[in-house]
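Please read the structure below before turning to the comments.
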2 protein chains.
Amino acid sequence: MITPADKKILKRFGENLRKLRKDKGLSLREMSYACSIDNSKIAKIEKGMINITLTTLLQLAVALEAQPATLLEYEPAEL
Amino acid sequence: MITPADKKILKRFGENLRKLRKDKGLSLREMSYACSIDNSKIAKIEKGMINITLTTLLQLAVALEAQPATLLEYEPAEL
DNA sequence: TTATTTGCGGCCTTATAAGACCCCAAAATG
DNA sequence: CATTTTGGGGTCTTATAAGGCCGCAAATAA
């Protein structure tokens with residue numbers, strides 16, 4: 001079950017992901033091509049609408065040409 | 001769908017998780033109490049049997065008293 | 001202004017994670 | 001030896017991620 005606390009966490013993760021993508025100068029569709037994840041799904045992830053799995057996380061890292069761990073390096077949301 | 005390549009990735013992740021738990025001197029049940037994840041589930045994660053979600057990853061980090069990112073800092077499995 | 005790109009949200013199906021519990025066999029402990 | 005403790009596999013239900021496609025409105029480019 002997805003709690004309100006989880007919602008915040010996912011939102012915060014999404015914000016960071018979006019920042020990383022922007023920093024790389026990628027559009028949703030460009031990123032989609034780079035990691036084979038549907039662009040609308042990436043949009044949902046950035047909006048904190050889904051709780052992605054580990055393999056999806058790693059795929060995103062591929063598109064960003066970043067270490068998977070860096071996708072988790074940000075100031076956590078305060079509950 | 002969970003590919004054979006994903007299987008390897010999850011296994012590698014699980015090995016690392018197990019190492020982190022052992023280093024902390026926790027049993028499956030102790031870790032279970034520390035993050036409210038069923039011990040048999042943690043066992044499955046360590047065995048690479050499941051593709052956990054982001055929130056589960058963060059919960060595991062809580063039990064290990066580690067930064068979430070550290071759970072992803074290990075030499076990746078070669079495909 | 002017209003054409004293109006971009007960011008989404010919705011919808012569907014299928015695969016599977018989550019959550020909870022049971023129980024056993026082996027290992028560690030008393 | 002008897003008794004925990006520990007690792008871990010199996011099973012069931014329910015929630016939801018994955019995967020894929022559609023279309024639109026706003027921003028951007030031509």
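We name chains A, B, ... following the order of the structure tokens; residues begin at 1 in each chain, and ligands are numbered from 1 as shown.
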>> I need the alpha helix (DSSP H) residues of chain B per DSSP on the backbone, written as a count of residues only.
In response: 47
Taking a cut-off of 8 Å and counting only C-alpha atoms (C1' of nucleotides), can you build a table that, for each residue of chain A near chain C, reports the nearest atom pair and how far apart they are in Å (one decimal), sorted by chain then residue number, as JSON lines?
```
{"residue": "A:Met1", "atom": "CA", "partner": "C:DA18", "partner_atom": "C1'", "distance": 7.3}
{"residue": "A:Ser27", "atom": "CA", "partner": "C:DT6", "partner_atom": "C1'", "distance": 7.1}
{"residue": "A:Leu28", "atom": "CA", "partner": "C:DT6", "partner_atom": "C1'", "distance": 7.5}
{"residue": "A:Ser40", "atom": "CA", "partner": "C:DC8", "partner_atom": "C1'", "distance": 6.7}
{"residue": "A:Ala43", "atom": "CA", "partner": "C:DC8", "partner_atom": "C1'", "distance": 6.5}
```
Quick one: write out the picked residues with C-alpha atoms as a CSV table (one decimal), in the first residue's frame?
```
chain,number,residue,atom,x,y,z
A,1,MET,CA,0.0,0.0,0.0
A,27,SER,CA,13.4,15.9,-23.4
A,28,LEU,CA,11.1,13.1,-22.1
A,40,SER,CA,4.6,9.1,-20.4
A,43,ALA,CA,6.6,11.8,-16.8
```
> Could you list, as number ranges by chain, every residue of chain D that has an atom within 10 Å of an atom of chain B, counting only C-alpha atoms (C1' of nucleotides)?
Replying inline: D: 5-9, 17-19
>> Distance limit 7 Å, atoms considered: only C-alpha atoms. Which chain A residues sit that close to chain B? Return them as a ChimeraX atom specification.
In response: /A:6,51-55,68-70,72-73
>> Which residues are close to Ala63 of chain B, i.e. within 9 Å by only C-alpha atoms (C1' of nucleotides), leaving aside same-chain residues fewer than 2 positions away? Reply as a PyMOL selection string.
In response: chain B and resi 21+30-36+58-61+65-66
Go ahead and dump the residues you just picked, N, CA and C atoms, as a short mmCIF file (atom, residue, chain, number, x, y, z; two decimals), in the first residue's frame.
```cif
data_model
loop_
_atom_site.label_atom_id
_atom_site.label_comp_id
_atom_site.auth_asym_id
_atom_site.auth_seq_id
_atom_site.Cartn_x
_atom_site.Cartn_y
_atom_site.Cartn_z
N ARG B 21 23.99 -6.26 5.61
CA ARG B 21 23.28 -6.74 6.81
C ARG B 21 24.24 -7.47 7.74
N GLU B 30 15.96 -9.63 12.95
CA GLU B 30 16.30 -8.34 13.56
C GLU B 30 16.11 -7.22 12.55
N MET B 31 16.57 -7.50 11.36
CA MET B 31 16.43 -6.47 10.32
C MET B 31 14.96 -6.24 10.02
N SER B 32 14.22 -7.32 10.04
CA SER B 32 12.79 -7.24 9.81
C SER B 32 12.12 -6.29 10.81
N TYR B 33 12.48 -6.43 12.07
CA TYR B 33 11.91 -5.55 13.09
C TYR B 33 12.30 -4.11 12.83
N ALA B 34 13.54 -3.94 12.38
CA ALA B 34 14.06 -2.59 12.18
C ALA B 34 13.47 -1.83 11.00
N CYS B 35 12.82 -2.53 10.11
CA CYS B 35 12.27 -1.80 8.96
C CYS B 35 10.89 -2.26 8.56
N SER B 36 10.29 -3.13 9.39
CA SER B 36 8.93 -3.58 9.13
C SER B 36 8.74 -4.26 7.79
N LEU B 58 14.27 2.17 0.32
CA LEU B 58 14.49 3.17 1.37
C LEU B 58 14.25 2.59 2.76
N GLN B 59 13.29 1.70 2.84
CA GLN B 59 13.04 1.06 4.14
C GLN B 59 14.24 0.23 4.57
N LEU B 60 14.81 -0.47 3.61
CA LEU B 60 15.97 -1.30 3.92
C LEU B 60 17.11 -0.42 4.44
N ALA B 61 17.25 0.73 3.82
CA ALA B 61 18.31 1.66 4.23
C ALA B 61 18.11 2.09 5.68
N GLU B 65 20.62 1.68 8.74
CA GLU B 65 21.11 2.99 9.18
C GLU B 65 22.15 3.48 8.19
N ALA B 66 21.80 3.40 6.94
CA ALA B 66 22.72 3.82 5.87
C ALA B 66 22.02 4.76 4.91
#
```
> atom CA of Ile45 of chain A to atom CA of Lys19 of chain B: how many Å, to one decimal?
Replying inline: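 Pair atom CA of Ile45 of chain A / atom CA of Lys19 of chain B returns 29.8 Å.
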> Do you have the atom CA of Met49 of chain A-atom CA of Glu15 of chain A distance handy?
Replying inline: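 Atom CA of Glu15 of chain A lies at a distance of 11.5 Å from atom CA of Met49 of chain A.
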> Between atom CA of Glu75 of chain B and atom CA of Asn16 of chain B, what is the spacing in Å?
Replying inline: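 A separation of 9.2 Å between them.
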>> List the spatial neighbours of Glu46 of chain B as a VMD selection string - criterion: any atom at most 7 Å away, only C-alpha atoms (C1' of nucleotides), same-chain residues fewer than 5 positions off excluded.
In response: chain B and resid 14 to 15 17 to 18
